[in-house]
$ cat protein.cif   # mmCIF, C-alpha atoms and all ligand atoms
data_start
loop_
_atom_site.group_PDB
_atom_site.id
_atom_site.type_symbol
_atom_site.label_atom_id
_atom_site.label_comp_id
_atom_site.auth_asym_id
_atom_site.auth_seq_id
_atom_site.Cartn_x
_atom_site.Cartn_y
_atom_site.Cartn_z
ATOM 1 C CA MET A 9 -14.761 3.644 2.338
ATOM 2 C CA LYS A 10 -12.700 0.553 3.187
ATOM 3 C CA VAL A 11 -9.800 0.076 0.765
ATOM 4 C CA VAL A 12 -7.299 -2.779 0.422
ATOM 5 C CA VAL A 13 -4.218 -2.109 -1.727
ATOM 6 C CA LEU A 14 -1.921 -5.006 -2.725
ATOM 7 C CA THR A 15 1.528 -4.168 -4.130
ATOM 8 C CA GLY A 16 4.154 -6.300 -5.857
ATOM 9 C CA ALA A 17 7.649 -5.915 -7.271
ATOM 10 C CA GLY A 18 6.385 -3.624 -10.052
ATOM 11 C CA ILE A 19 5.804 -0.729 -7.622
ATOM 12 C CA SER A 20 9.509 -0.729 -6.722
ATOM 13 C CA ALA A 21 10.780 -1.206 -10.297
ATOM 14 C CA GLU A 22 11.072 2.549 -10.968
ATOM 15 C CA SER A 23 13.138 2.829 -7.761
ATOM 16 C CA GLY A 24 15.673 0.418 -9.287
ATOM 17 C CA VAL A 25 14.655 -2.760 -7.416
ATOM 18 C CA PRO A 26 14.650 -5.620 -9.968
ATOM 19 C CA THR A 27 11.321 -7.457 -10.300
ATOM 20 C CA PHE A 28 11.095 -11.248 -10.298
ATOM 21 C CA ARG A 29 10.195 -11.351 -13.970
ATOM 22 C CA ASP A 30 13.082 -8.986 -14.787
ATOM 23 C CA ALA A 31 16.397 -10.591 -15.667
ATOM 24 C CA ASP A 32 14.289 -13.562 -16.847
ATOM 25 C CA GLY A 33 13.624 -14.276 -13.140
ATOM 26 C CA LEU A 34 17.089 -15.686 -12.591
ATOM 27 C CA TRP A 35 19.508 -14.753 -9.845
ATOM 28 C CA GLU A 36 23.124 -15.764 -10.493
ATOM 29 C CA GLY A 37 21.711 -18.497 -12.710
ATOM 30 C CA HIS A 38 19.302 -19.708 -10.003
ATOM 31 C CA ARG A 39 15.536 -19.725 -10.590
ATOM 32 C CA VAL A 40 14.235 -17.426 -7.840
ATOM 33 C CA GLU A 41 11.947 -20.228 -6.752
ATOM 34 C CA ASP A 42 15.158 -22.270 -6.186
ATOM 35 C CA VAL A 43 16.789 -19.843 -3.779
ATOM 36 C CA ALA A 44 13.601 -18.670 -2.009
ATOM 37 C CA THR A 45 12.690 -22.082 -0.497
ATOM 38 C CA PRO A 46 13.407 -23.778 2.867
ATOM 39 C CA GLU A 47 14.813 -26.729 0.929
ATOM 40 C CA ALA A 48 17.371 -24.467 -0.783
ATOM 41 C CA PHE A 49 18.313 -23.017 2.618
ATOM 42 C CA ASP A 50 18.884 -26.500 4.044
ATOM 43 C CA ALA A 51 20.881 -27.588 0.980
ATOM 44 C CA ALA A 52 22.996 -24.452 0.441
ATOM 45 C CA PRO A 53 22.517 -21.865 3.245
ATOM 46 C CA SER A 54 25.457 -19.743 2.084
ATOM 47 C CA VAL A 55 23.933 -19.301 -1.407
ATOM 48 C CA VAL A 56 20.568 -18.260 0.039
ATOM 49 C CA GLN A 57 22.152 -15.957 2.652
ATOM 50 C CA ALA A 58 24.267 -14.312 -0.099
ATOM 51 C CA PHE A 59 21.061 -13.779 -2.177
ATOM 52 C CA TYR A 60 19.412 -11.889 0.671
ATOM 53 C CA ASP A 61 22.545 -10.139 1.933
ATOM 54 C CA ALA A 62 22.963 -8.648 -1.572
ATOM 55 C CA ARG A 63 19.317 -7.507 -1.735
ATOM 56 C CA ARG A 64 19.504 -6.091 1.816
ATOM 57 C CA ALA A 65 22.664 -4.138 0.967
ATOM 58 C CA ALA A 66 21.077 -2.853 -2.264
ATOM 59 C CA LEU A 67 18.270 -1.242 -0.224
ATOM 60 C CA THR A 68 20.657 1.578 0.700
ATOM 61 C CA THR A 69 21.055 2.431 -3.005
ATOM 62 C CA VAL A 70 17.354 2.922 -3.816
ATOM 63 C CA ASP A 71 14.643 5.393 -2.751
ATOM 64 C CA PRO A 72 10.821 5.445 -2.775
ATOM 65 C CA ASN A 73 9.195 6.678 -6.004
ATOM 66 C CA PRO A 74 6.011 8.742 -6.622
ATOM 67 C CA ALA A 75 3.869 5.571 -6.414
ATOM 68 C CA HIS A 76 5.087 4.852 -2.871
ATOM 69 C CA ASP A 77 4.643 8.550 -1.966
ATOM 70 C CA ALA A 78 1.043 8.602 -3.268
ATOM 71 C CA LEU A 79 0.076 5.527 -1.211
ATOM 72 C CA ALA A 80 1.634 7.152 1.872
ATOM 73 C CA ARG A 81 -0.550 10.224 1.210
ATOM 74 C CA LEU A 82 -3.598 7.956 0.876
ATOM 75 C CA GLY A 83 -2.703 6.259 4.184
ATOM 76 C CA GLU A 84 -2.499 9.623 5.925
ATOM 77 C CA VAL A 85 -6.033 10.526 4.753
ATOM 78 C CA LEU A 86 -7.816 7.164 5.053
ATOM 79 C CA GLY A 87 -6.116 5.975 8.240
ATOM 80 C CA ASP A 88 -7.562 2.582 9.316
ATOM 81 C CA GLU A 89 -9.894 2.568 6.315
ATOM 82 C CA LEU A 90 -6.822 1.554 4.248
ATOM 83 C CA LEU A 91 -4.932 -1.748 4.557
ATOM 84 C CA LEU A 92 -1.706 -1.658 2.544
ATOM 85 C CA VAL A 93 -0.558 -5.239 1.916
ATOM 86 C CA THR A 94 2.744 -5.798 0.109
ATOM 87 C CA GLN A 95 4.418 -8.877 -1.298
ATOM 88 C CA ASN A 96 7.646 -6.871 -1.348
ATOM 89 C CA ILE A 97 10.327 -7.351 1.273
ATOM 90 C CA ASP A 98 11.911 -3.921 0.689
ATOM 91 C CA ASP A 99 11.265 -0.967 3.053
ATOM 92 C CA LEU A 100 10.220 1.625 0.447
ATOM 93 C CA HIS A 101 6.593 1.943 1.615
ATOM 94 C CA GLU A 102 7.768 2.741 5.148
ATOM 95 C CA ARG A 103 10.432 5.167 3.888
ATOM 96 C CA ALA A 104 7.743 6.957 1.842
ATOM 97 C CA GLY A 105 5.833 7.437 5.114
ATOM 98 C CA SER A 106 3.067 4.830 4.874
ATOM 99 C CA PRO A 107 1.696 4.649 8.429
ATOM 100 C CA THR A 108 0.983 0.909 8.333
ATOM 101 C CA VAL A 109 2.389 -1.705 5.928
ATOM 102 C CA LEU A 110 1.551 -5.422 6.124
ATOM 103 C CA HIS A 111 4.484 -7.423 4.716
ATOM 104 C CA MET A 112 2.769 -10.711 3.894
ATOM 105 C CA HIS A 113 6.064 -12.204 2.597
ATOM 106 C CA GLY A 114 8.284 -10.777 5.322
ATOM 107 C CA GLU A 115 11.047 -8.144 5.279
ATOM 108 C CA LEU A 116 14.696 -7.934 4.282
ATOM 109 C CA LEU A 117 15.418 -5.778 7.353
ATOM 110 C CA ALA A 118 14.427 -8.521 9.798
ATOM 111 C CA ALA A 119 15.996 -11.829 10.889
ATOM 112 C CA TRP A 120 14.524 -14.887 12.545
ATOM 113 C CA CYS A 121 16.379 -17.388 14.753
ATOM 114 C CA THR A 122 15.673 -20.990 13.752
ATOM 115 C CA ALA A 123 16.969 -22.143 17.161
ATOM 116 C CA CYS A 124 14.861 -20.035 19.582
ATOM 117 C CA GLY A 125 12.318 -18.332 17.268
ATOM 118 C CA HIS A 126 13.504 -14.836 18.247
ATOM 119 C CA ARG A 127 12.750 -12.162 15.617
ATOM 120 C CA VAL A 128 14.952 -9.052 15.373
ATOM 121 C CA ARG A 129 15.385 -5.991 13.105
ATOM 122 C CA TRP A 130 18.482 -6.619 10.996
ATOM 123 C CA ALA A 131 20.333 -4.297 8.590
ATOM 124 C CA GLY A 132 23.647 -6.141 8.286
ATOM 125 C CA THR A 133 24.651 -9.469 6.726
ATOM 126 C CA LEU A 134 23.659 -12.997 7.798
ATOM 127 C CA GLY A 135 26.072 -14.940 5.586
ATOM 128 C CA ASP A 136 28.778 -14.656 8.278
ATOM 129 C CA GLN A 137 26.403 -16.453 10.685
ATOM 130 C CA PRO A 138 26.201 -13.845 13.462
ATOM 131 C CA PRO A 139 24.963 -15.074 16.870
ATOM 132 C CA CYS A 140 21.251 -14.663 17.637
ATOM 133 C CA PRO A 141 20.834 -11.692 20.067
ATOM 134 C CA GLY A 142 18.348 -13.873 21.955
ATOM 135 C CA CYS A 143 20.046 -17.263 22.403
ATOM 136 C CA GLY A 144 23.498 -16.717 20.888
ATOM 137 C CA ALA A 145 23.129 -19.564 18.377
ATOM 138 C CA PRO A 146 24.507 -18.895 14.847
ATOM 139 C CA ALA A 147 21.016 -19.786 13.533
ATOM 140 C CA LEU A 148 19.595 -16.586 12.033
ATOM 141 C CA ARG A 149 17.752 -16.731 8.689
ATOM 142 C CA PRO A 150 16.120 -13.909 6.679
ATOM 143 C CA ASP A 151 12.616 -13.209 8.073
ATOM 144 C CA VAL A 152 10.978 -13.732 4.681
ATOM 145 C CA VAL A 153 8.266 -16.202 3.593
ATOM 146 C CA TRP A 154 9.708 -18.711 1.200
ATOM 147 C CA PHE A 155 7.797 -20.810 -1.349
ATOM 148 C CA GLY A 156 5.978 -23.566 0.544
ATOM 149 C CA GLU A 157 5.764 -21.456 3.703
ATOM 150 C CA VAL A 158 2.595 -19.797 5.030
ATOM 151 C CA PRO A 159 2.382 -16.033 4.421
ATOM 152 C CA TYR A 160 2.110 -13.702 7.440
ATOM 153 C CA GLU A 161 -1.139 -12.285 8.880
ATOM 154 C CA MET A 162 -3.428 -14.136 6.467
ATOM 155 C CA ASP A 163 -6.397 -13.794 8.873
ATOM 156 C CA ARG A 164 -6.060 -10.007 8.999
ATOM 157 C CA ILE A 165 -5.776 -9.861 5.221
ATOM 158 C CA VAL A 166 -8.822 -12.080 4.601
ATOM 159 C CA ASP A 167 -10.916 -10.077 7.105
ATOM 160 C CA ALA A 168 -10.022 -6.873 5.253
ATOM 161 C CA LEU A 169 -10.823 -8.446 1.846
ATOM 162 C CA VAL A 170 -14.256 -9.489 3.134
ATOM 163 C CA ASP A 171 -14.968 -5.904 4.355
ATOM 164 C CA ALA A 172 -13.416 -4.085 1.385
ATOM 165 C CA ASP A 173 -15.424 -1.647 -0.773
ATOM 166 C CA LEU A 174 -12.435 -1.277 -3.108
ATOM 167 C CA PHE A 175 -9.502 -3.635 -3.877
ATOM 168 C CA VAL A 176 -6.584 -2.212 -5.868
ATOM 169 C CA SER A 177 -3.578 -4.226 -7.128
ATOM 170 C CA VAL A 178 -0.358 -2.423 -8.142
ATOM 171 C CA GLY A 179 2.671 -3.884 -9.952
ATOM 172 C CA THR A 180 2.092 -7.597 -9.548
ATOM 173 C CA SER A 181 2.040 -10.403 -12.138
ATOM 174 C CA GLY A 182 -0.583 -12.418 -10.285
ATOM 175 C CA ALA A 183 1.647 -15.481 -10.524
ATOM 176 C CA VAL A 184 2.121 -16.250 -6.841
ATOM 177 C CA TYR A 185 -0.583 -17.511 -4.452
ATOM 178 C CA PRO A 186 -2.317 -16.832 -2.137
ATOM 179 C CA ALA A 187 -1.805 -13.121 -3.130
ATOM 180 C CA ALA A 188 -2.919 -13.842 -6.713
ATOM 181 C CA GLY A 189 -6.298 -15.011 -5.398
ATOM 182 C CA PHE A 190 -7.122 -11.870 -3.380
ATOM 183 C CA VAL A 191 -8.923 -10.150 -6.278
ATOM 184 C CA GLN A 192 -11.408 -13.002 -6.590
ATOM 185 C CA GLN A 193 -11.985 -13.080 -2.804
ATOM 186 C CA ALA A 194 -12.541 -9.297 -2.631
ATOM 187 C CA ARG A 195 -14.842 -9.368 -5.654
ATOM 188 C CA ALA A 196 -16.830 -12.304 -4.249
ATOM 189 C CA TYR A 197 -17.613 -10.130 -1.196
ATOM 190 C CA GLY A 198 -18.783 -7.209 -3.353
ATOM 191 C CA ALA A 199 -15.676 -5.045 -3.662
ATOM 192 C CA ARG A 200 -14.949 -3.002 -6.791
ATOM 193 C CA THR A 201 -11.584 -4.165 -8.167
ATOM 194 C CA LEU A 202 -8.939 -2.118 -10.023
ATOM 195 C CA GLU A 203 -5.557 -3.205 -11.428
ATOM 196 C CA LEU A 204 -2.685 -0.736 -12.045
ATOM 197 C CA ASN A 205 0.109 -2.558 -13.900
ATOM 198 C CA LEU A 206 2.673 -2.025 -16.662
ATOM 199 C CA GLN A 207 1.293 -4.999 -18.631
ATOM 200 C CA PRO A 208 -1.799 -7.196 -18.298
ATOM 201 C CA SER A 209 -1.178 -9.744 -15.523
ATOM 202 C CA GLU A 210 -2.199 -13.383 -15.124
ATOM 203 C CA GLY A 211 -5.172 -12.089 -13.091
ATOM 204 C CA SER A 212 -6.307 -9.127 -15.224
ATOM 205 C CA ARG A 213 -9.560 -10.850 -16.250
ATOM 206 C CA TRP A 214 -10.735 -10.869 -12.623
ATOM 207 C CA PHE A 215 -10.648 -7.062 -12.291
ATOM 208 C CA HIS A 216 -13.578 -4.732 -13.063
ATOM 209 C CA GLU A 217 -10.982 -2.342 -14.527
ATOM 210 C CA SER A 218 -7.318 -2.749 -15.509
ATOM 211 C CA ARG A 219 -5.135 0.276 -16.356
ATOM 212 C CA GLN A 220 -1.755 -0.271 -18.003
ATOM 213 C CA GLY A 221 1.240 2.010 -17.428
ATOM 214 C CA PRO A 222 4.065 2.737 -14.988
ATOM 215 C CA ALA A 223 3.042 2.802 -11.311
ATOM 216 C CA GLY A 224 4.883 6.105 -10.879
ATOM 217 C CA LEU A 225 2.209 7.731 -13.085
ATOM 218 C CA LEU A 226 -0.868 5.535 -12.525
ATOM 219 C CA VAL A 227 -0.831 5.466 -8.707
ATOM 220 C CA PRO A 228 -0.552 9.251 -8.057
ATOM 221 C CA ALA A 229 -3.291 9.848 -10.682
ATOM 222 C CA TRP A 230 -5.572 7.259 -9.049
ATOM 223 C CA VAL A 231 -4.925 8.616 -5.515
ATOM 224 C CA ASP A 232 -5.606 12.183 -6.689
ATOM 225 C CA SER A 233 -8.867 11.032 -8.306
ATOM 226 C CA LEU A 234 -9.901 9.188 -5.129
ATOM 227 C CA LEU A 235 -9.043 12.043 -2.771
ATOM 228 C CA GLY A 236 -10.448 14.614 -5.234
HETATM 229 C C1 LIG A 301 1.658 -20.990 0.399
HETATM 230 C C2 LIG A 301 9.539 -13.550 -0.489
HETATM 231 C C3 LIG A 301 0.238 -22.365 1.779
HETATM 232 C C4 LIG A 301 10.912 -13.987 -0.758
HETATM 233 C C5 LIG A 301 7.980 -14.598 -2.078
HETATM 234 C C6 LIG A 301 -2.006 -22.358 -6.072
HETATM 235 C C7 LIG A 301 -1.708 -22.590 -7.383
HETATM 236 C C8 LIG A 301 -0.341 -22.774 -7.771
HETATM 237 C C9 LIG A 301 0.713 -22.707 -6.840
HETATM 238 C C10 LIG A 301 0.413 -22.473 -5.549
HETATM 239 C C11 LIG A 301 -0.935 -22.315 -5.158
HETATM 240 N N1 LIG A 301 -0.934 -22.093 -3.821
HETATM 241 C C12 LIG A 301 0.360 -22.129 -3.360
HETATM 242 C C13 LIG A 301 1.193 -22.360 -4.406
HETATM 243 C C14 LIG A 301 2.646 -22.454 -4.303
HETATM 244 C C15 LIG A 301 3.347 -21.096 -4.317
HETATM 245 C C16 LIG A 301 3.098 -20.390 -5.618
HETATM 246 O O1 LIG A 301 2.224 -19.534 -5.725
HETATM 247 N N2 LIG A 301 3.941 -20.742 -6.591
HETATM 248 C C17 LIG A 301 3.870 -20.068 -7.914
HETATM 249 C C18 LIG A 301 5.294 -19.822 -8.388
HETATM 250 C C19 LIG A 301 3.062 -20.885 -8.877
HETATM 251 N N3 LIG A 301 2.923 -20.239 -3.191
HETATM 252 C C20 LIG A 301 3.546 -20.428 -2.003
HETATM 253 O O2 LIG A 301 4.395 -21.263 -1.784
HETATM 254 C C21 LIG A 301 3.095 -19.495 -0.863
HETATM 255 N N4 LIG A 301 2.789 -20.241 0.335
HETATM 256 O O3 LIG A 301 0.894 -21.104 -0.542
HETATM 257 O O4 LIG A 301 1.462 -21.570 1.641
HETATM 258 C C22 LIG A 301 -0.852 -21.470 2.279
HETATM 259 C C23 LIG A 301 -1.545 -20.599 1.464
HETATM 260 C C24 LIG A 301 -2.589 -19.800 1.990
HETATM 261 C C25 LIG A 301 -2.905 -19.846 3.293
HETATM 262 C C26 LIG A 301 -2.180 -20.727 4.097
HETATM 263 C C27 LIG A 301 -1.145 -21.524 3.583
HETATM 264 C C28 LIG A 301 4.239 -18.536 -0.459
HETATM 265 C C29 LIG A 301 4.601 -17.652 -1.572
HETATM 266 C C30 LIG A 301 5.583 -16.564 -1.082
HETATM 267 C C31 LIG A 301 6.988 -16.808 -1.617
HETATM 268 N N5 LIG A 301 7.864 -15.662 -1.308
HETATM 269 N N6 LIG A 301 8.772 -13.544 -1.740
HETATM 270 C C32 LIG A 301 11.641 -13.054 -1.672
HETATM 271 O O5 LIG A 301 11.123 -11.975 -2.001
HETATM 272 O O6 LIG A 301 12.763 -13.426 -2.021
HETATM 273 S S1 LIG A 301 7.078 -14.538 -3.534
HETATM 274 C C33 LIG A 301 7.820 -13.295 -4.492
HETATM 275 O O7 LIG A 301 7.482 -13.597 -5.814
HETATM 276 C C34 LIG A 301 7.289 -11.909 -4.242
HETATM 277 O O8 LIG A 301 7.068 -11.639 -2.884
HETATM 278 C C35 LIG A 301 5.997 -11.922 -5.050
HETATM 279 O O9 LIG A 301 4.962 -12.492 -4.311
HETATM 280 C C36 LIG A 301 6.349 -12.846 -6.200
HETATM 281 C C37 LIG A 301 6.766 -12.039 -7.375
HETATM 282 O O10 LIG A 301 5.615 -11.560 -7.944
HETATM 283 P P1 LIG A 301 5.432 -9.976 -8.240
HETATM 284 O O11 LIG A 301 5.699 -9.184 -7.005
HETATM 285 O O12 LIG A 301 4.136 -9.871 -8.893
HETATM 286 O O13 LIG A 301 6.650 -9.641 -9.232
HETATM 287 P P2 LIG A 301 6.827 -10.113 -10.746
HETATM 288 O O14 LIG A 301 8.217 -9.808 -11.091
HETATM 289 O O15 LIG A 301 6.282 -11.487 -10.925
HETATM 290 O O16 LIG A 301 5.837 -9.147 -11.590
HETATM 291 C C38 LIG A 301 6.063 -7.767 -11.589
HETATM 292 C C39 LIG A 301 4.822 -7.152 -12.227
HETATM 293 O O17 LIG A 301 4.970 -5.736 -12.168
HETATM 294 C C40 LIG A 301 4.649 -7.540 -13.693
HETATM 295 O O18 LIG A 301 3.265 -7.823 -13.928
HETATM 296 C C41 LIG A 301 5.085 -6.277 -14.457
HETATM 297 O O19 LIG A 301 4.296 -6.085 -15.613
HETATM 298 C C42 LIG A 301 4.747 -5.191 -13.447
HETATM 299 N N7 LIG A 301 5.628 -4.014 -13.565
HETATM 300 C C43 LIG A 301 6.963 -3.976 -13.838
HETATM 301 N N8 LIG A 301 7.410 -2.686 -13.784
HETATM 302 C C44 LIG A 301 6.314 -1.910 -13.469
HETATM 303 C C45 LIG A 301 5.182 -2.772 -13.296
HETATM 304 N N9 LIG A 301 3.963 -2.308 -12.963
HETATM 305 C C46 LIG A 301 3.831 -0.953 -12.813
HETATM 306 N N10 LIG A 301 4.883 -0.078 -12.939
HETATM 307 C C47 LIG A 301 6.114 -0.509 -13.285
HETATM 308 N N11 LIG A 301 7.113 0.375 -13.415
#
$ encode --input "protein.cif" --output "structure tokens" --more "lines below"
Ligand code: BV8
Amino acid sequence: MKVVVLTGAGISAESGVPTFRDADGLWEGHRVEDVATPEAFDAAPSVVQAFYDARRAALTTVDPNPAHDALARLGEVLGDELLLVTQNIDDLHERAGSPTVLHMHGELLAAWCTACGHRVRWAGTLGDQPPCPGCGAPALRPDVVWFGEVPYEMDRIVDALVDADLFVSVGTSGAVYPAAGFVQQARAYGARTLELNLQPSEGSRWFHESRQGPAGLLVPAWVDSLLG
């Protein structure tokens, strides 16, 4: 059985990672959409770098929760039959042991040089403009997909949606595209669709079934039911 699982900020909420809709979606008084854009980076790079440096540093203070652990278990059993796609830029799926994780919006623990295009794993800060390990230019930006930028590995995701027997969405508000449109694509190609979310999302009506509750309870229960 081919399964595609899409996760959003809600799966990391119980680990202590704030969601985008938490804190009324503001960061230091900025609308998230205002700091997570290339325009914001051009206008005020230090503000944007500080936003991501703080979130990168906070990663060391949080741990995976039972929802991440259950998806790692599912990945161990299903192998290539499962594609785990996340909108999250944290590393909690990997730390829970998920064999493969597709970060469609990038990762906090990676940097990208805007001078030479070099990509590099990065755990420190970028606000102090460290030199690029590739070309030496002080031109590193967070390797995340900002609003108005094209998400990563869209071809691989769409291929998996077309082949999917089951599409499951966990902890996402369905407010941001193209991720919010995956349920309709998967359903159009015959997949059964299931939503696991604390509250109904903007896309709930597109799912065959929508279960409300905390991911830390819903996801282990669903994985146990699937693996029997
Ligand atoms: C693009 C990285 C072209 C940075 C992010 C169509 C219509 C309208 C607008 C658009 C459209 N197409 C494109 C747009 C523009 C835009 C967009 O969607 N804007 C929105 C605001 C209207 N999209 C883009 O710009 C995208 N690029 O379209 O390029 C293209 C497209 C296709 C193919 C080729 C080219 C790029 C978008 C990516 C932006 N970067 N993140 C960073 O993280 O800082 S988006 C970021 O916000 C996250 O990654 C995530 O995607 C989104 C937040 O959403 P969620 O993860 O769902 O989090 P949220 O807080 O909203 O909700 C949490 C949910 O969890 C809630 O439902 C809550 O109930 C639930 N919950 C809470 N606690 C729990 C829980 N559930 C279970 N258990 C709990 N304990």
$ resolve_selection --input "protein.cif" --expression "the PyMOL selection byres (((chain A and resi 129) around 6) and not hetatm)" --output "ChimeraX atom specification"
/A:117-118,128,130
$ closest_atom_pairs --input "protein.cif" --of "chain A" --to "ligand LIG 301 (chain A)" --cutoff "7 Å" --atoms "all atoms listed in the file" --output "tab-separated table"
residue	atom	partner	partner_atom	distance
A:Gly16	CA	A:LIG301	O11	3.5
A:Ala17	CA	A:LIG301	O11	3.8
A:Gly18	CA	A:LIG301	O17	3.3
A:Ile19	CA	A:LIG301	N10	5.4
A:Ala21	CA	A:LIG301	N11	5.1
A:Glu22	CA	A:LIG301	N11	5.1
A:Thr27	CA	A:LIG301	O14	4.0
A:Phe28	CA	A:LIG301	O14	3.3
A:Arg29	CA	A:LIG301	O14	3.8
A:Asp30	CA	A:LIG301	O14	6.2
A:Glu41	CA	A:LIG301	C18	6.9
A:Ala44	CA	A:LIG301	O6	5.3
A:Gln95	CA	A:LIG301	O8	4.1
A:Asn96	CA	A:LIG301	O8	5.0
A:Ile97	CA	A:LIG301	O5	5.7
A:His113	CA	A:LIG301	C2	4.8
A:Gly114	CA	A:LIG301	C2	6.6
A:Val152	CA	A:LIG301	C2	5.4
A:Val153	CA	A:LIG301	N5	4.9
A:Trp154	CA	A:LIG301	C31	4.4
A:Phe155	CA	A:LIG301	O2	3.5
A:Gly156	CA	A:LIG301	O2	3.6
A:Glu157	CA	A:LIG301	N4	4.7
A:Val158	CA	A:LIG301	O4	4.0
A:Pro159	CA	A:LIG301	C28	5.8
A:Met162	CA	A:LIG301	C25	6.6
A:Val178	CA	A:LIG301	C46	6.4
A:Gly179	CA	A:LIG301	N9	3.6
A:Thr180	CA	A:LIG301	O12	3.1
A:Ser181	CA	A:LIG301	O18	3.4
A:Gly182	CA	A:LIG301	O12	5.5
A:Ala183	CA	A:LIG301	C17	5.7
A:Val184	CA	A:LIG301	O1	3.5
A:Tyr185	CA	A:LIG301	O1	3.7
A:Pro186	CA	A:LIG301	C24	5.1
A:Ala187	CA	A:LIG301	O9	6.9
A:Leu204	CA	A:LIG301	C46	6.6
A:Asn205	CA	A:LIG301	N9	4.0
A:Leu206	CA	A:LIG301	N9	3.9
A:Gln207	CA	A:LIG301	O19	4.4
A:Pro208	CA	A:LIG301	O18	6.7
A:Ser209	CA	A:LIG301	O18	5.1
A:Gly221	CA	A:LIG301	C46	6.1
A:Pro222	CA	A:LIG301	N10	3.6
A:Ala223	CA	A:LIG301	N10	3.8
A:Gly224	CA	A:LIG301	N10	6.5
$ residues_around --input "protein.cif" --residues "stretch 229-231 of chain A" --least-positions-apart "3" --cutoff "7 Å" --atoms "only C-alpha atoms" --output "list of chain:residue names"
A:Ala78, A:Leu82, A:Leu225, A:Leu226, A:Leu234, A:Leu235
$ residues_around --input "protein.cif" --residues "A:Leu169" --least-positions-apart "6" --cutoff "8 Å" --atoms "only C-alpha atoms" --output "list of chain:residue names"
A:Val12, A:Phe175, A:Phe190, A:Gln193, A:Ala194, A:Tyr197
$ resolve_selection --input "protein.cif" --expression "the PyMOL selection byres (((chain A and resi 57-65) around 6) and not hetatm)" --output "number ranges by chain"
A: 53-56, 66-67, 116, 133, 135
$ atom_distance --input "protein.cif" --atom1 "atom CA of A:Ala104" --atom2 "atom CA of A:His126"
27.9 Å
$ resolve_selection --input "protein.cif" --expression "the PyMOL selection byres (((chain A and resi 142) around 8) and not hetatm)" --output "count of residues only"
6
$ closest_residue --input "protein.cif" --among "A:Asp77, A:Glu210, A:Glu217, A:Asp171" --to "A:Gly198" --atoms "only C-alpha atoms"
A:Asp171
$ closest_residue --input "protein.cif" --among "A:Thr108, A:Thr45, A:Ser177, A:Ser233" --to "A:Arg149" --atoms "all atoms listed in the file"
A:Thr45
$ closest_residue --input "protein.cif" --among "A:Met9, A:Cys121, A:Ala51, A:Leu14" --to "A:Val93" --atoms "all atoms listed in the file"
A:Leu14
$ atom_distance --input "protein.cif" --atom1 "atom CA of A:Pro139" --atom2 "atom CA of A:Ala52"
19.0 Å
$ atom_distance --input "protein.cif" --atom1 "atom CA of A:Ala75" --atom2 "atom CA of A:Leu202"
15.4 Å
$ closest_residue --input "protein.cif" --among "A:Ala131, A:Val13, A:Val70, A:Val40" --to "A:Leu110" --atoms "all atoms listed in the file"
A:Val13
$ axis_aligned_box --input "protein.cif" --around "stretch 160-174 of chain A" --padding-each-side "3 Å" --output "AutoDock Vina command-line options"
--center_x -6.7 --center_y -7.7 --center_z 2.9 --size_x 23.5 --size_y 18.9 --size_z 18.1
$ decode --input "protein.cif" --residues "stretch 13-20 of chain A" --atoms "N, CA, C and O atoms" --output "PDB file, in the first residue's frame"
ATOM      1  N   VAL A  13       2.193  10.822   3.680  1.00  0.00           N
ATOM      2  CA  VAL A  13       1.824  11.553   4.897  1.00  0.00           C
ATOM      3  C   VAL A  13       2.379  12.966   4.777  1.00  0.00           C
ATOM      4  O   VAL A  13       3.558  13.138   4.460  1.00  0.00           O
ATOM      5  N   LEU A  14       1.527  13.970   4.989  1.00  0.00           N
ATOM      6  CA  LEU A  14       1.928  15.379   5.008  1.00  0.00           C
ATOM      7  C   LEU A  14       1.807  15.897   6.437  1.00  0.00           C
ATOM      8  O   LEU A  14       0.750  15.748   7.055  1.00  0.00           O
ATOM      9  N   THR A  15       2.886  16.483   6.975  1.00  0.00           N
ATOM     10  CA  THR A  15       2.795  17.062   8.323  1.00  0.00           C
ATOM     11  C   THR A  15       3.013  18.567   8.289  1.00  0.00           C
ATOM     12  O   THR A  15       3.676  19.096   7.380  1.00  0.00           O
ATOM     13  N   GLY A  16       2.429  19.231   9.303  1.00  0.00           N
ATOM     14  CA  GLY A  16       2.576  20.676   9.470  1.00  0.00           C
ATOM     15  C   GLY A  16       2.960  20.986  10.904  1.00  0.00           C
ATOM     16  O   GLY A  16       3.226  20.081  11.707  1.00  0.00           O
ATOM     17  N   ALA A  17       2.925  22.267  11.236  1.00  0.00           N
ATOM     18  CA  ALA A  17       3.406  22.739  12.539  1.00  0.00           C
ATOM     19  C   ALA A  17       2.702  22.057  13.700  1.00  0.00           C
ATOM     20  O   ALA A  17       3.299  21.875  14.773  1.00  0.00           O
ATOM     21  N   GLY A  18       1.459  21.599  13.489  1.00  0.00           N
ATOM     22  CA  GLY A  18       0.699  20.986  14.581  1.00  0.00           C
ATOM     23  C   GLY A  18       1.340  19.729  15.128  1.00  0.00           C
ATOM     24  O   GLY A  18       1.193  19.417  16.316  1.00  0.00           O
ATOM     25  N   ILE A  19       2.125  18.990  14.290  1.00  0.00           N
ATOM     26  CA  ILE A  19       2.727  17.750  14.789  1.00  0.00           C
ATOM     27  C   ILE A  19       3.866  18.060  15.763  1.00  0.00           C
ATOM     28  O   ILE A  19       4.208  17.235  16.610  1.00  0.00           O
ATOM     29  N   SER A  20       4.435  19.242  15.686  1.00  0.00           N
ATOM     30  CA  SER A  20       5.528  19.611  16.585  1.00  0.00           C
ATOM     31  C   SER A  20       5.060  20.470  17.759  1.00  0.00           C
ATOM     32  O   SER A  20       5.845  20.776  18.656  1.00  0.00           O
TER      33      SER A  20
END
